[in-house]
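data-v8.cif (mmCIF, C-alpha atoms) appears below.
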```
data_upload
loop_
_atom_site.group_PDB
_atom_site.id
_atom_site.type_symbol
_atom_site.label_atom_id
_atom_site.label_comp_id
_atom_site.auth_asym_id
_atom_site.auth_seq_id
_atom_site.Cartn_x
_atom_site.Cartn_y
_atom_site.Cartn_z
ATOM 1 C CA MET L 1 94.078 41.049 101.682
ATOM 2 C CA SER L 2 97.346 42.823 102.402
ATOM 3 C CA LEU L 3 98.202 44.170 105.854
ATOM 4 C CA ARG L 4 97.491 47.728 104.700
ATOM 5 C CA SER L 5 94.161 46.929 103.066
ATOM 6 C CA ARG L 6 90.749 46.850 104.620
ATOM 7 C CA LEU L 7 87.566 45.236 103.422
ATOM 8 C CA ALA L 8 84.998 47.917 102.721
ATOM 9 C CA TYR L 9 81.367 47.450 101.732
ATOM 10 C CA VAL L 10 79.687 49.970 99.450
ATOM 11 C CA GLY L 11 75.968 50.172 98.706
ATOM 12 C CA LEU L 12 74.998 51.075 95.144
ATOM 13 C CA GLY L 13 71.589 52.368 94.130
ATOM 14 C CA ALA L 14 69.854 54.336 91.391
ATOM 15 C CA ASN L 15 66.299 55.070 90.308
ATOM 16 C CA LEU L 16 66.629 57.694 87.557
ATOM 17 C CA GLY L 17 67.785 57.310 83.964
ATOM 18 C CA ASP L 18 69.145 53.807 83.323
ATOM 19 C CA PRO L 19 69.808 52.501 86.851
ATOM 20 C CA LEU L 20 71.318 49.198 85.732
ATOM 21 C CA ALA L 21 73.784 50.938 83.411
ATOM 22 C CA ALA L 22 74.679 53.435 86.147
ATOM 23 C CA LEU L 23 75.386 50.661 88.669
ATOM 24 C CA ARG L 24 77.459 48.695 86.145
ATOM 25 C CA SER L 25 79.458 51.804 85.261
ATOM 26 C CA ALA L 26 80.034 52.668 88.916
ATOM 27 C CA ALA L 27 81.113 49.102 89.707
ATOM 28 C CA GLN L 28 83.555 49.198 86.795
ATOM 29 C CA ALA L 29 84.943 52.542 87.988
ATOM 30 C CA LEU L 30 85.496 51.072 91.446
ATOM 31 C CA ALA L 31 87.000 47.841 90.102
ATOM 32 C CA SER L 32 89.449 49.748 87.902
ATOM 33 C CA HIS L 33 90.498 52.252 90.582
ATOM 34 C CA PRO L 34 94.213 51.860 91.363
ATOM 35 C CA ALA L 35 93.515 51.641 95.111
ATOM 36 C CA VAL L 36 91.120 48.702 94.754
ATOM 37 C CA ALA L 37 92.980 45.397 94.862
ATOM 38 C CA ALA L 38 89.912 43.180 94.548
ATOM 39 C CA TRP L 39 86.161 43.460 94.524
ATOM 40 C CA GLN L 40 83.094 41.269 94.617
ATOM 41 C CA ALA L 41 79.505 42.196 93.782
ATOM 42 C CA SER L 42 76.241 40.998 95.257
ATOM 43 C CA PRO L 43 73.282 40.109 93.083
ATOM 44 C CA LEU L 44 71.153 43.025 91.887
ATOM 45 C CA TYR L 45 67.767 43.793 93.387
ATOM 46 C CA ARG L 46 64.794 45.949 92.425
ATOM 47 C CA THR L 47 63.484 47.728 95.502
ATOM 48 C CA ALA L 48 60.730 50.124 96.384
ATOM 49 C CA PRO L 49 61.878 53.536 97.615
ATOM 50 C CA VAL L 50 62.201 53.782 101.412
ATOM 51 C CA ASP L 51 61.718 57.318 102.738
ATOM 52 C CA ALA L 52 62.330 58.488 99.148
ATOM 53 C CA ASP L 53 60.400 59.573 96.069
ATOM 54 C CA GLY L 54 60.383 58.311 92.526
ATOM 55 C CA PRO L 55 60.394 54.988 90.726
ATOM 56 C CA ALA L 56 61.810 51.683 91.956
ATOM 57 C CA PHE L 57 65.538 51.460 92.648
ATOM 58 C CA VAL L 58 68.113 48.995 91.446
ATOM 59 C CA ASN L 59 70.465 48.150 94.324
ATOM 60 C CA ALA L 60 73.546 46.055 95.029
ATOM 61 C CA VAL L 61 76.504 45.957 97.401
ATOM 62 C CA VAL L 62 80.163 45.561 96.499
ATOM 63 C CA ALA L 63 82.990 44.442 98.745
ATOM 64 C CA LEU L 64 86.307 46.204 98.107
ATOM 65 C CA ASP L 65 89.818 45.366 99.252
ATOM 66 C CA THR L 66 91.428 48.803 99.541
ATOM 67 C CA PRO L 67 94.197 50.557 101.452
ATOM 68 C CA LEU L 68 92.273 53.849 101.246
ATOM 69 C CA ALA L 69 91.194 55.410 104.521
ATOM 70 C CA PRO L 70 87.415 55.748 104.889
ATOM 71 C CA GLU L 71 87.462 59.479 104.098
ATOM 72 C CA ALA L 72 89.564 58.935 100.970
ATOM 73 C CA LEU L 73 87.254 56.155 99.779
ATOM 74 C CA LEU L 74 84.258 58.423 100.395
ATOM 75 C CA GLU L 75 85.883 61.031 98.115
ATOM 76 C CA VAL L 76 86.292 58.400 95.393
ATOM 77 C CA LEU L 77 82.635 57.399 95.755
ATOM 78 C CA GLN L 78 81.427 60.995 95.572
ATOM 79 C CA ALA L 79 83.564 61.646 92.480
ATOM 80 C CA ILE L 80 81.978 58.643 90.746
ATOM 81 C CA GLU L 81 78.522 59.924 91.719
ATOM 82 C CA GLN L 82 79.352 63.318 90.186
ATOM 83 C CA VAL L 83 80.428 61.715 86.905
ATOM 84 C CA HIS L 84 76.969 60.136 86.819
ATOM 85 C CA GLY L 85 75.183 63.451 87.369
ATOM 86 C CA ARG L 86 74.277 62.967 91.015
ATOM 87 C CA GLU L 87 72.359 65.921 92.368
ATOM 88 C CA ARG L 88 71.243 66.451 95.951
ATOM 89 C CA PRO L 89 68.315 68.888 95.735
ATOM 90 C CA TYR L 90 66.823 67.535 98.972
ATOM 91 C CA ARG L 91 67.223 64.620 101.366
ATOM 92 C CA HIS L 92 66.137 61.288 99.819
ATOM 93 C CA ALA L 93 65.648 62.796 96.360
ATOM 94 C CA PRO L 94 65.503 60.402 93.383
ATOM 95 C CA ARG L 95 69.011 59.814 92.076
ATOM 96 C CA THR L 96 70.990 58.781 89.045
ATOM 97 C CA LEU L 97 73.507 57.086 91.341
ATOM 98 C CA ASP L 98 73.962 56.718 95.074
ATOM 99 C CA LEU L 99 77.123 55.176 96.540
ATOM 100 C CA ASP L 100 77.099 54.689 100.310
ATOM 101 C CA LEU L 101 80.083 53.587 102.341
ATOM 102 C CA LEU L 102 78.467 51.030 104.648
ATOM 103 C CA LEU L 103 81.440 49.506 106.465
ATOM 104 C CA HIS L 104 85.198 49.968 106.297
ATOM 105 C CA GLY L 105 87.007 47.269 108.237
ATOM 106 C CA GLU L 106 86.438 47.959 111.918
ATOM 107 C CA ALA L 107 86.490 51.743 111.405
ATOM 108 C CA ARG L 108 84.070 53.868 113.360
ATOM 109 C CA ARG L 109 83.347 57.458 112.412
ATOM 110 C CA ASP L 110 80.795 60.049 113.435
ATOM 111 C CA THR L 111 81.572 63.256 111.590
ATOM 112 C CA PRO L 112 79.388 65.675 109.616
ATOM 113 C CA THR L 113 80.459 63.938 106.376
ATOM 114 C CA LEU L 114 80.830 60.279 107.365
ATOM 115 C CA THR L 115 79.237 57.903 109.848
ATOM 116 C CA LEU L 116 80.584 54.353 110.082
ATOM 117 C CA PRO L 117 79.084 51.888 110.264
ATOM 118 C CA HIS L 118 76.378 53.422 108.089
ATOM 119 C CA PRO L 119 73.692 54.429 110.610
ATOM 120 C CA ARG L 120 70.739 52.859 108.752
ATOM 121 C CA LEU L 121 72.300 49.758 107.200
ATOM 122 C CA HIS L 122 70.300 47.463 109.494
ATOM 123 C CA GLN L 123 67.019 49.265 108.706
ATOM 124 C CA ARG L 124 67.053 48.810 104.918
ATOM 125 C CA ALA L 125 66.300 45.571 103.075
ATOM 126 C CA PHE L 126 68.048 47.003 100.005
ATOM 127 C CA VAL L 127 71.274 47.101 102.039
ATOM 128 C CA LEU L 128 70.888 44.061 104.293
ATOM 129 C CA ARG L 129 69.916 41.473 101.657
ATOM 130 C CA PRO L 130 72.800 42.166 99.214
ATOM 131 C CA LEU L 131 75.276 42.717 102.059
ATOM 132 C CA LEU L 132 74.362 39.343 103.542
ATOM 133 C CA ASP L 133 74.665 37.751 100.083
ATOM 134 C CA LEU L 134 78.336 38.748 100.197
ATOM 135 C CA ALA L 135 78.951 38.087 103.893
ATOM 136 C CA PRO L 136 76.236 35.830 105.381
ATOM 137 C CA GLY L 137 77.798 35.713 108.848
ATOM 138 C CA LEU L 138 78.644 39.406 109.080
ATOM 139 C CA THR L 139 78.465 40.864 112.575
ATOM 140 C CA VAL L 140 78.721 44.575 113.309
ATOM 141 C CA GLU L 141 79.681 45.928 116.705
ATOM 142 C CA GLY L 142 76.628 47.397 118.364
ATOM 143 C CA LEU L 143 74.235 45.572 116.006
ATOM 144 C CA GLY L 144 75.281 41.951 116.359
ATOM 145 C CA PRO L 145 74.712 39.485 113.513
ATOM 146 C CA LEU L 146 73.176 41.411 110.634
ATOM 147 C CA SER L 147 71.053 38.413 109.656
ATOM 148 C CA ASP L 148 69.114 38.953 112.902
ATOM 149 C CA TRP L 149 67.819 42.233 111.416
ATOM 150 C CA LEU L 150 66.216 40.697 108.299
ATOM 151 C CA PRO L 151 62.831 40.067 109.964
ATOM 152 C CA THR L 152 62.612 43.763 110.883
ATOM 153 C CA VAL L 153 62.733 44.773 107.190
ATOM 154 C CA ALA L 154 60.519 41.974 105.853
ATOM 155 C CA ASP L 155 57.824 44.504 104.907
ATOM 156 C CA GLN L 156 60.158 46.335 102.482
ATOM 157 C CA ALA L 157 59.689 45.238 98.860
ATOM 158 C CA ILE L 158 62.815 43.667 97.360
ATOM 159 C CA GLU L 159 63.013 41.514 94.231
ATOM 160 C CA PRO L 160 66.124 39.773 92.855
ATOM 161 C CA LEU L 161 67.011 40.573 89.251
ATOM 162 C CA ALA L 162 68.448 38.131 86.729
ATOM 163 C CA GLU L 163 71.067 40.661 85.570
ATOM 164 C CA ARG L 164 74.497 40.898 87.191
ATOM 165 C CA LEU L 165 76.909 43.810 87.664
ATOM 166 C CA HIS L 166 79.642 42.021 85.716
#
```
Represent the structure contained in this file as structure tokens.
Amino acid sequence: MSLRSRLAYVGLGANLGDPLAALRSAAQALASHPAVAAWQASPLYRTAPVDADGPAFVNAVVALDTPLAPEALLEVLQAIEQVHGRERPYRHAPRTLDLDLLLHGEARRDTPTLTLPHPRLHQRAFVLRPLLDLAPGLTVEGLGPLSDWLPTVADQAIEPLAERLH
């Protein structure tokens, strides 16, 4: 990673249309973005909706090496969501694609448009399991080792898929 770059983690999820195709397309869009020097993808998981409606989700996490500031990366993520027909009719609505900026280096934000670290990353198996696949020893200030949170989400249905993002 260059001195200007930061390691960012992005959660990917979808439960409408063809979720696997949407996640693969989004991952390719991120991988081919000129401000992404490298990326790595977690395994894919099928998960039950948490505080959401609709069918099961397909979820993953990608790690990105990028010089983009958190707000600029969020704009990239939202543009990719729009290309995939993301609508936000109400909070936790089913979605064709959801890209969440989970962590961006050591950045901390609490604005109307961006909170870092993501405020619920430790409360969701569909975030924790794939994030820990990429970074098993990850520790987040204020939360400690993320692996310590896995028992608290053990009741959330999560199933590994054989398919990969790439």
Practice prompt. Fewer than 2 positions away in the same chain doesn't count, so skip those; otherwise give me all residues within 10 Å of Leu132 (chain L), counting only C-alpha atoms, as a ChimeraX atom specification.
Written response: /L:42,61,127-130,134-138,145-147,150
Worksheet item: Taking into account only C-alpha atoms, which residue in the set L:Pro67, L:Pro160, L:Gly105, L:Pro112 is nearest to Glu141 (chain L)?
Response: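 When distances to Glu141 (chain L) are compared using only C-alpha atoms, the smallest one comes from L:Gly105.
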Fill in: Residue neighbourhood region 72-76 of chain L, 9 Å, all atoms listed in the file, exclusion window fewer than 2 positions, as a list in words
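Here the qualifying residues turn out to be Leu30, His33, Thr66, Leu68, Ala69, Pro70, Gln78, Ala79, Ile80, Glu81, Leu99, Asp100, Leu101, Thr113 and Leu114 of chain L.
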Fill in: Selection: 6 Å around Ala8 (chain L), all atoms listed in the file, excl. self and same-chain fewer than 6 positions, as number ranges by chain
L: 63-64, 103-105
Practice prompt. Give me, please, the distance in Å between CA of Gln40 (chain L) and CA of Val62 (chain L), quoted to one decimal.
Written response: 5.5 Å
Worksheet entry | Straight-line distance linking CA of Thr139 (chain L) with CA of Arg120 (chain L), stated in Å to one decimal |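 Going from CA of Thr139 (chain L) over to CA of Arg120 (chain L) covers 14.8 Å.
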Practice prompt. On this file, the PyMOL selection byres ((chain L and resi 22) around 12) gives some set of residues; write that set as an NGL selection string.
Written response: :L and (12-21 or 23-29 or 57-60 or 80-86 or 95-99 or 165)
Kindly extract all protein, DNA and RNA residues lying within 10 Å of the coordinates (61.0, 53.3, 102.0) given in the file, considering only C-alpha atoms, and supply them as an mmCIF file with C-alpha atoms, in the frame of the given file.
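Final output, saved to selection.cif:
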```cif
data_model
loop_
_atom_site.group_PDB
_atom_site.id
_atom_site.type_symbol
_atom_site.label_atom_id
_atom_site.label_comp_id
_atom_site.auth_asym_id
_atom_site.auth_seq_id
_atom_site.Cartn_x
_atom_site.Cartn_y
_atom_site.Cartn_z
ATOM 1 C CA THR L 47 63.484 47.728 95.502
ATOM 2 C CA ALA L 48 60.730 50.124 96.384
ATOM 3 C CA PRO L 49 61.878 53.536 97.615
ATOM 4 C CA VAL L 50 62.201 53.782 101.412
ATOM 5 C CA ASP L 51 61.718 57.318 102.738
ATOM 6 C CA ALA L 52 62.330 58.488 99.148
ATOM 7 C CA ASP L 53 60.400 59.573 96.069
ATOM 8 C CA HIS L 92 66.137 61.288 99.819
ATOM 9 C CA GLN L 123 67.019 49.265 108.706
ATOM 10 C CA ARG L 124 67.053 48.810 104.918
ATOM 11 C CA ALA L 125 66.300 45.571 103.075
ATOM 12 C CA PHE L 126 68.048 47.003 100.005
ATOM 13 C CA ASP L 155 57.824 44.504 104.907
ATOM 14 C CA GLN L 156 60.158 46.335 102.482
ATOM 15 C CA ALA L 157 59.689 45.238 98.860
#
```
Practice prompt. Rank nothing, just name the residue among L:Asp133, L:Thr115, L:Leu143, L:Tyr45 nearest to Arg164 (chain L), using all atoms listed in the file.
Written response: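 For Arg164 (chain L), the nearest of the candidates is L:Tyr45.
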Item to complete: Have a look at L:Ala154, L:Leu44, L:Ala37, L:Leu102 and name the one nearest to Leu121 (chain L); count all atoms listed in the file.
Response: L:Leu102
Item to complete: State, in Å with one decimal place, the distance from CA of Val36 (chain L) to CA of Glu106 (chain L).
Response: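 The value is 17.8 Å.
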